[in-house]
>>> print(open('run.txt').read())   # compact mmCIF, C-alpha atoms and all ligand atoms
# COMPACT_ATOMS: atom_id res chain seq x y z
CA MET Y 135 129.02 90.27 123.96
CA SER Y 136 129.17 92.74 121.05
CA THR Y 137 127.51 96.17 121.26
CA PRO Y 138 123.90 95.98 120.06
CA ARG Y 139 122.91 98.00 117.01
CA ILE Y 140 120.10 99.62 119.01
CA ALA Y 141 119.73 99.67 122.79
CA LEU Y 142 116.95 101.24 124.85
CA ASP Y 143 117.51 101.17 128.59
CA GLY Y 144 114.92 102.30 131.15
CA ILE Y 145 113.08 104.55 128.70
CA ARG Y 146 110.27 106.64 130.11
CA LYS Y 147 108.08 108.86 127.96
CA SER Y 148 105.02 110.96 128.63
CA PHE Y 149 103.03 113.35 126.45
CA PRO Y 150 101.19 116.51 127.48
CA ALA Y 151 97.56 115.90 128.43
CA PRO Y 152 94.85 116.93 125.97
CA ARG Y 153 93.78 120.57 126.24
CA GLY Y 154 92.15 121.53 129.53
CA ARG Y 155 93.63 118.64 131.51
CA GLN Y 156 96.48 118.93 133.98
CA GLU Y 157 98.12 115.54 134.14
CA LYS Y 158 100.49 114.14 131.55
CA THR Y 159 99.91 110.78 129.86
CA THR Y 160 102.70 108.36 130.65
CA VAL Y 161 103.03 106.22 127.53
CA LEU Y 162 106.20 104.26 128.28
CA SER Y 163 107.13 103.50 131.88
CA ASP Y 164 110.35 101.50 131.66
CA ILE Y 165 111.30 100.13 128.25
CA SER Y 166 114.54 98.21 127.86
CA LEU Y 167 115.31 96.33 124.67
CA THR Y 168 118.16 95.56 122.32
CA LEU Y 169 118.41 94.87 118.60
CA ALA Y 170 121.58 93.04 117.59
CA GLU Y 171 123.43 93.43 114.29
CA GLY Y 172 121.46 91.57 111.59
CA GLU Y 173 118.68 90.64 114.00
CA PHE Y 174 114.93 90.71 113.25
CA VAL Y 175 112.83 91.64 116.28
CA CYS Y 176 109.04 92.04 116.30
CA LEU Y 177 107.25 94.25 118.80
CA LEU Y 178 103.67 93.29 119.64
CA GLY Y 179 101.20 94.65 122.14
CA PRO Y 180 97.70 95.99 122.66
CA SER Y 181 96.55 99.06 120.77
CA GLY Y 182 97.88 102.30 122.28
CA CYS Y 183 100.59 100.64 124.43
CA GLY Y 184 103.32 102.77 122.84
CA LYS Y 185 104.80 100.63 120.04
CA SER Y 186 105.00 103.49 117.53
CA THR Y 187 106.42 105.73 120.26
CA VAL Y 188 109.25 103.21 120.77
CA LEU Y 189 109.98 103.18 117.02
CA GLY Y 190 109.87 106.98 116.82
CA MET Y 191 112.43 107.28 119.59
CA ALA Y 192 114.70 104.64 118.08
CA ALA Y 193 114.48 106.61 114.81
CA GLY Y 194 115.53 109.78 116.67
CA PHE Y 195 112.27 111.63 115.92
CA ASP Y 196 111.58 112.11 119.61
CA GLN Y 197 113.56 112.04 122.86
CA PRO Y 198 112.66 110.14 126.06
CA ASP Y 199 111.97 111.90 129.38
CA SER Y 200 114.59 109.65 130.94
CA GLY Y 201 116.56 106.53 130.08
CA ILE Y 202 119.26 105.69 127.56
CA LEU Y 203 118.86 105.45 123.78
CA LEU Y 204 121.87 104.16 121.81
CA HIS Y 205 122.87 103.20 118.23
CA ASP Y 206 126.14 101.23 118.19
CA GLY Y 207 126.79 102.53 121.71
CA GLU Y 208 126.37 106.21 120.72
CA PRO Y 209 123.45 108.36 121.94
CA ILE Y 210 120.63 108.83 119.40
CA ALA Y 211 120.20 112.62 119.23
CA GLY Y 212 118.13 112.91 116.03
CA PRO Y 213 117.20 111.16 112.77
CA SER Y 214 119.95 109.49 110.73
CA PRO Y 215 120.09 107.86 107.26
CA GLN Y 216 121.51 104.84 109.14
CA ARG Y 217 118.04 104.29 110.64
CA GLY Y 218 115.32 104.05 107.98
CA MET Y 219 111.61 104.06 108.71
CA VAL Y 220 108.77 102.31 106.84
CA PHE Y 221 105.12 103.12 107.63
CA GLN Y 222 101.83 101.35 107.00
CA GLN Y 223 100.95 103.79 104.20
CA PRO Y 224 103.85 104.01 101.74
CA THR Y 225 104.86 107.66 101.64
CA LEU Y 226 105.57 107.90 97.92
CA PHE Y 227 105.10 110.82 95.50
CA PRO Y 228 102.26 109.56 93.25
CA TRP Y 229 103.27 111.68 90.25
CA LEU Y 230 106.88 110.43 90.22
CA SER Y 231 108.06 107.18 88.65
CA VAL Y 232 109.07 104.22 90.80
CA LEU Y 233 112.74 104.90 89.99
CA ASP Y 234 112.44 108.61 90.84
CA ASN Y 235 110.78 107.75 94.15
CA VAL Y 236 113.42 105.18 95.04
CA THR Y 237 116.27 107.54 94.14
CA PHE Y 238 114.64 110.66 95.62
CA GLY Y 239 117.14 110.98 98.50
CA PRO Y 240 120.37 110.88 96.46
CA ARG Y 241 118.83 113.03 93.68
CA MET Y 242 117.89 115.75 96.19
CA ALA Y 243 121.39 115.51 97.70
CA GLY Y 244 122.84 116.16 94.22
CA VAL Y 245 124.61 112.77 93.98
CA PRO Y 246 125.55 112.04 90.33
CA ARG Y 247 123.17 109.53 88.68
CA GLU Y 248 125.92 107.00 87.88
CA ARG Y 249 126.73 106.72 91.61
CA TYR Y 250 123.25 105.54 92.70
CA LEU Y 251 121.64 103.96 89.62
CA ALA Y 252 123.18 100.48 90.00
CA GLU Y 253 122.20 100.41 93.70
CA ALA Y 254 118.62 101.47 92.88
CA GLU Y 255 118.40 98.75 90.22
CA ARG Y 256 119.70 96.18 92.72
CA TYR Y 257 117.01 97.07 95.27
CA LEU Y 258 114.27 97.20 92.64
CA ARG Y 259 115.35 93.70 91.57
CA LEU Y 260 115.38 92.48 95.19
CA VAL Y 261 111.81 93.70 95.76
CA GLY Y 262 110.63 92.32 92.40
CA LEU Y 263 109.94 95.65 90.69
CA GLN Y 264 112.31 95.31 87.76
CA GLY Y 265 110.39 96.32 84.64
CA PHE Y 266 108.27 98.81 86.63
CA GLU Y 267 110.96 101.49 87.05
CA HIS Y 268 109.17 103.97 84.80
CA HIS Y 269 105.61 103.41 86.02
CA ALA Y 270 104.09 106.21 88.09
CA THR Y 271 103.37 104.91 91.60
CA TRP Y 272 99.63 105.71 91.29
CA GLN Y 273 99.54 103.00 88.59
CA LEU Y 274 100.72 100.30 91.05
CA SER Y 275 98.80 97.98 93.38
CA GLY Y 276 99.06 98.51 97.17
CA GLY Y 277 101.59 95.68 97.51
CA MET Y 278 103.74 97.06 94.68
CA ARG Y 279 103.68 100.52 96.25
CA GLN Y 280 104.88 99.05 99.53
CA ARG Y 281 107.66 97.21 97.63
CA ALA Y 282 108.75 100.55 96.13
CA ALA Y 283 108.72 102.04 99.66
CA LEU Y 284 110.93 99.15 100.84
CA ALA Y 285 113.42 99.72 97.99
CA ARG Y 286 113.54 103.42 98.86
CA ALA Y 287 114.07 102.72 102.56
CA TRP Y 288 116.97 100.41 101.67
CA MET Y 289 118.64 102.84 99.24
CA PRO Y 290 120.94 104.52 101.83
CA ASN Y 291 122.03 101.01 102.98
CA PRO Y 292 120.80 101.67 106.53
CA GLU Y 293 122.17 99.64 109.43
CA VAL Y 294 118.68 99.59 110.97
CA LEU Y 295 115.15 99.61 109.56
CA LEU Y 296 112.23 100.53 111.81
CA MET Y 297 108.94 99.25 110.41
CA ASP Y 298 105.55 100.33 111.73
CA GLU Y 299 102.96 97.77 110.59
CA PRO Y 300 104.16 98.04 107.00
CA PHE Y 301 101.82 95.31 105.74
CA GLY Y 302 98.81 96.24 107.91
CA ALA Y 303 96.80 97.65 105.01
CA LEU Y 304 97.38 94.74 102.60
CA ASP Y 305 95.12 91.76 101.91
CA ALA Y 306 96.10 88.40 103.40
CA GLN Y 307 97.65 86.91 100.23
CA THR Y 308 99.68 90.01 99.38
CA ARG Y 309 100.75 90.23 103.00
CA LEU Y 310 102.18 86.68 102.93
CA MET Y 311 104.09 87.43 99.74
CA MET Y 312 105.45 90.63 101.27
CA GLN Y 313 106.59 88.76 104.39
CA GLU Y 314 108.54 86.28 102.22
CA LEU Y 315 109.98 89.10 100.16
CA LEU Y 316 111.00 91.10 103.24
CA THR Y 317 112.73 88.04 104.70
CA SER Y 318 114.74 87.54 101.51
CA VAL Y 319 115.83 91.22 101.28
CA TRP Y 320 116.68 91.21 105.00
CA GLN Y 321 118.83 88.10 104.51
CA ALA Y 322 120.53 89.57 101.42
CA THR Y 323 121.38 92.84 103.22
CA GLY Y 324 121.97 91.89 106.88
CA THR Y 325 120.06 95.00 108.06
CA SER Y 326 118.78 94.93 111.66
CA ILE Y 327 114.98 95.22 111.73
CA LEU Y 328 112.63 96.32 114.51
CA PHE Y 329 109.12 95.59 113.23
CA VAL Y 330 105.81 96.54 114.85
CA THR Y 331 102.82 94.33 114.13
CA HIS Y 332 99.46 93.31 115.60
CA ASP Y 333 99.59 89.99 113.77
CA VAL Y 334 100.99 87.10 115.83
CA ASP Y 335 101.43 84.86 112.75
CA GLU Y 336 103.39 87.62 111.02
CA ALA Y 337 105.66 88.02 114.07
CA LEU Y 338 106.32 84.28 114.32
CA PHE Y 339 107.04 84.03 110.59
CA LEU Y 340 109.46 86.97 110.52
CA ALA Y 341 111.20 87.35 113.85
CA ASP Y 342 114.23 85.96 115.62
CA ARG Y 343 112.68 87.31 118.83
CA VAL Y 344 109.24 88.64 119.71
CA LEU Y 345 108.85 91.28 122.43
CA VAL Y 346 105.36 91.58 123.88
CA MET Y 347 104.47 94.88 125.49
CA SER Y 348 102.15 95.51 128.41
CA ALA Y 349 99.18 97.88 128.33
CA ARG Y 350 99.99 101.59 128.65
CA PRO Y 351 102.21 102.73 130.28
CA GLY Y 352 104.13 100.28 128.12
CA THR Y 353 106.97 98.09 129.24
CA ILE Y 354 108.32 94.84 127.80
CA ARG Y 355 106.26 92.17 129.47
CA GLU Y 356 107.73 89.10 127.81
CA GLU Y 357 110.47 88.13 125.36
CA LEU Y 358 110.12 84.97 123.27
CA ARG Y 359 112.84 83.48 121.10
CA VAL Y 360 111.48 82.12 117.81
CA PRO Y 361 113.33 78.85 117.19
CA PHE Y 362 112.21 77.95 113.64
CA GLU Y 363 114.89 77.39 111.01
CA ARG Y 364 115.05 79.61 107.95
CA PRO Y 365 113.88 79.68 105.25
CA ARG Y 366 110.48 79.34 106.91
CA SER Y 367 107.31 78.18 105.23
CA ILE Y 368 103.97 79.18 106.72
CA GLU Y 369 102.47 75.82 105.63
CA SER Y 370 105.03 73.91 107.74
CA LEU Y 371 104.95 76.34 110.65
CA VAL Y 372 101.20 76.03 111.22
CA THR Y 373 101.51 72.27 111.79
CA ASP Y 374 104.40 72.65 114.29
CA PRO Y 375 103.30 72.17 117.93
CA GLU Y 376 105.93 74.69 119.09
CA TYR Y 377 104.37 77.29 116.75
CA ALA Y 378 100.96 76.65 118.30
CA ARG Y 379 102.44 76.96 121.82
CA LEU Y 380 104.18 80.26 121.07
CA LYS Y 381 101.11 81.66 119.31
CA GLN Y 382 98.86 80.72 122.22
CA ARG Y 383 101.26 82.30 124.74
CA ILE Y 384 101.49 85.60 122.81
CA LEU Y 385 97.71 85.77 122.23
CA HIS Y 386 97.15 85.14 125.92
CA ILE Y 387 99.41 88.03 127.00
CA VAL Y 388 98.04 90.45 124.40
CA ARG Y 389 94.43 89.66 125.38
CA GLU Y 390 95.24 90.04 129.07
CA GLU Y 391 96.96 93.40 128.46
CA ALA Y 392 94.20 94.62 126.12
CA GLY Y 393 91.72 93.82 128.91
CA LYS Y 394 93.74 95.99 131.32
CA SER Y 395 93.72 98.83 128.76
CA MET Y 396 89.92 98.66 128.52
CA LEU Y 397 89.52 98.74 132.30
CA ALA Y 398 91.91 101.70 132.59
CA GLU Y 399 90.08 103.60 129.82
CA ASN Y 400 86.84 103.13 131.75
CA GLY Y 401 88.44 104.45 134.94
CA LEU Y 402 88.55 101.02 136.62
CA CYS Y 403 91.61 99.35 138.15
CA PRO Y 404 92.62 95.92 136.81
CA ALA Y 405 92.06 93.18 139.42
N1 LIG S 501 102.81 113.25 120.00
C1 LIG S 501 101.90 112.79 120.86
N2 LIG S 501 101.23 113.62 121.70
C2 LIG S 501 100.34 113.17 122.58
N3 LIG S 501 100.02 111.85 122.73
C3 LIG S 501 100.65 110.98 121.92
C4 LIG S 501 101.62 111.39 120.94
N4 LIG S 501 102.08 110.29 120.29
C5 LIG S 501 101.41 109.24 120.84
N5 LIG S 501 100.57 109.65 121.80
C6 LIG S 501 99.71 108.78 122.64
O1 LIG S 501 100.54 107.76 123.14
C7 LIG S 501 99.83 106.53 123.22
C8 LIG S 501 100.63 105.46 122.51
O2 LIG S 501 100.62 105.72 121.10
P1 LIG S 501 101.37 104.78 120.07
O3 LIG S 501 100.94 105.23 118.71
O4 LIG S 501 102.81 104.74 120.37
O5 LIG S 501 100.73 103.36 120.43
P2 LIG S 501 100.71 102.02 119.56
O6 LIG S 501 100.97 100.89 120.51
O7 LIG S 501 101.63 102.13 118.39
O8 LIG S 501 99.19 102.03 119.09
P3 LIG S 501 98.47 101.22 117.88
O9 LIG S 501 98.73 99.78 118.12
O10 LIG S 501 97.02 101.56 118.07
O11 LIG S 501 99.04 101.74 116.60
C9 LIG S 501 98.46 106.80 122.60
O12 LIG S 501 97.55 106.99 123.66
C10 LIG S 501 98.65 108.07 121.81
O13 LIG S 501 97.46 108.82 121.77
>>> encode(input="run.txt", output="structure tokens", more="lines below")
Ligand SMILES: Nc1ncnc2c1ncn2[C@@H]1O[C@H](COP(=O)(O)OP(=O)(O)OP(=O)(O)O)[C@@H](O)[C@H]1O
Amino acid sequence: MSTPRIALDGIRKSFPAPRGRQEKTTVLSDISLTLAEGEFVCLLGPSGCGKSTVLGMAAGFDQPDSGILLHDGEPIAGPSPQRGMVFQQPTLFPWLSVLDNVTFGPRMAGVPRERYLAEAERYLRLVGLQGFEHHATWQLSGGMRQRAALARAWMPNPEVLLMDEPFGALDAQTRLMMQELLTSVWQATGTSILFVTHDVDEALFLADRVLVMSARPGTIREELRVPFERPRSIESLVTDPEYARLKQRILHIVREEAGKSMLAENGLCPA
């Protein structure tokens, strides 16, 4: 078997307790997962189970207390342009044009314009923003801003993209369009994607595999392979009995784990 792009093995992570309290909060108890080259994996789980913490560690923003964290078999010691991150709120500079936002990294690094312009135009075309290069980002809709953020994340040609509910703030129609668009850019680039979502339909539309996390302290409770051929159409998927079975299974686990979280928050032990 080839080396995975990203591998987490036995990751444990705790954070200091809020002021005035002694004990630490253990957020992740034993997380092991892999992301293969070109694979699309979705991470689902109840609120607060540690999904963003997993992404942050894979990005190199934070280190685990124990366990192994690897990119192509090498330890992840800090952030790298090979691992891009996309957040729910696109972190764009509102006063800059779309093109200046997308090319911000190479411009700040002093790369000559002719070396990055064709690449920027390619990504703007892939995300459907050709013709909007010179608009300021405050002039764009939420979906268009997130498309600009995608083009910017792809500019360094990262091997891995880590996405933290990137479509969570969009309306249902825009969200569907963004899922189709993301799938087509992913297929055109071959980037490995680890994608956090709360939306089971989104996970089943996008992913090759879905990993469902337990309540905090988070661990991977179940892994489901998503068998549907690509390109996928949401209209066909929703009539597929296998889609209904997978959706029911994931909803069942997430509800069960969310129930455990509520009991723990109220100081009660799950039965
Ligand atoms: N830097 C930090 N310091 C202290 N606690 C933190 C820190 N980062 C995260 N936490 C805590 O860790 C837990 C997990 O947070 P995280 O954001 O990873 O969960 P999540 O599954 O992504 O949540 P959600 O689904 O609600 O976005 C939360 O209780 C959060 O308060």
>>> residues_around(input="run.txt", residues="segment 144-153 of chain Y", least_positions_apart="2", cutoff="7 Å", atoms="all atoms listed in the file", output="ChimeraX atom specification")
/Y:142,155-166,198-202
>>> atom_distance(input="run.txt", atom1="atom CA of Ala283 of chain Y", atom2="atom CA of Thr168 of chain Y")
25.4 Å
>>> atom_distance(input="run.txt", atom1="atom CA of Gly239 of chain Y", atom2="atom CA of Glu253 of chain Y")
12.7 Å
>>> atom_distance(input="run.txt", atom1="atom CA of Thr331 of chain Y", atom2="atom CA of Glu390 of chain Y")
17.3 Å
>>> residues_around(input="run.txt", residues="segment 341-358 of chain Y", least_positions_apart="6", cutoff="8 Å", atoms="only C-alpha atoms", output="count of residues only")
28
>>> residues_around(input="run.txt", residues="segment 325-330 of chain Y", least_positions_apart="6", cutoff="9 Å", atoms="only C-alpha atoms", output="ChimeraX atom specification")
/Y:139-140,169-179,185-186,189,288,291-300,319,337,341
>>> residues_near_point(input="run.txt", point="(116.9, 112.5, 110.8)", cutoff="8 Å", atoms="only C-alpha atoms", output="PyMOL selection string")
chain Y and resi 193-195+212-215
>>> write_last_selection(input="run.txt", atoms="C-alpha atoms", output="JSON list (two decimals), in the frame of the given file")
[["chain", "number", "residue", "atom", "x", "y", "z"],
["Y", 193, "ALA", "CA", 114.48, 106.61, 114.81],
["Y", 194, "GLY", "CA", 115.53, 109.78, 116.67],
["Y", 195, "PHE", "CA", 112.27, 111.63, 115.92],
["Y", 212, "GLY", "CA", 118.13, 112.91, 116.03],
["Y", 213, "PRO", "CA", 117.20, 111.16, 112.77],
["Y", 214, "SER", "CA", 119.95, 109.49, 110.73],
["Y", 215, "PRO", "CA", 120.09, 107.86, 107.26]]
>>> closest_residue(input="run.txt", among="Y:Val261, Y:Val220, Y:Ile210, Y:Ala306", to="Gln197 of chain Y", atoms="only C-alpha atoms")
Y:Ile210
>>> residues_around(input="run.txt", residues="Thr225 of chain Y", least_positions_apart="6", cutoff="10 Å", atoms="only C-alpha atoms", output="list of chain:residue names")
Y:Asn235, Y:Arg279, Y:Gln280, Y:Ala282, Y:Ala283
>>> closest_residue(input="run.txt", among="Y:Thr323, Y:Ser367, Y:Thr237, Y:Ser318", to="Phe339 of chain Y", atoms="all atoms listed in the file")
Y:Ser367
>>> axis_aligned_box(input="run.txt", around="ligand LIG 501 (chain S)", padding_each_side="3 Å", output="JSON")
{"center_x": 99.9, "center_y": 106.7, "center_z": 120.1, "size_x": 11.8, "size_y": 19.8, "size_z": 13.1}
>>> closest_residue(input="run.txt", among="Y:Arg359, Y:Arg247, Y:Arg309, Y:Arg383", to="Gly276 of chain Y", atoms="all atoms listed in the file")
Y:Arg309
>>> closest_residue(input="run.txt", among="Y:Leu203, Y:Leu316, Y:Val232, Y:Val188", to="ligand LIG 501 (chain S)", atoms="all atoms listed in the file")
Y:Val188
>>> closest_residue(input="run.txt", among="Y:Val372, Y:Met191, Y:Ala254, Y:Leu260", to="ligand LIG 501 (chain S)", atoms="all atoms listed in the file")
Y:Met191
>>> closest_residue(input="run.txt", among="Y:His269, Y:Arg259, Y:Arg241, Y:His332", to="ligand LIG 501 (chain S)", atoms="all atoms listed in the file")
Y:His332
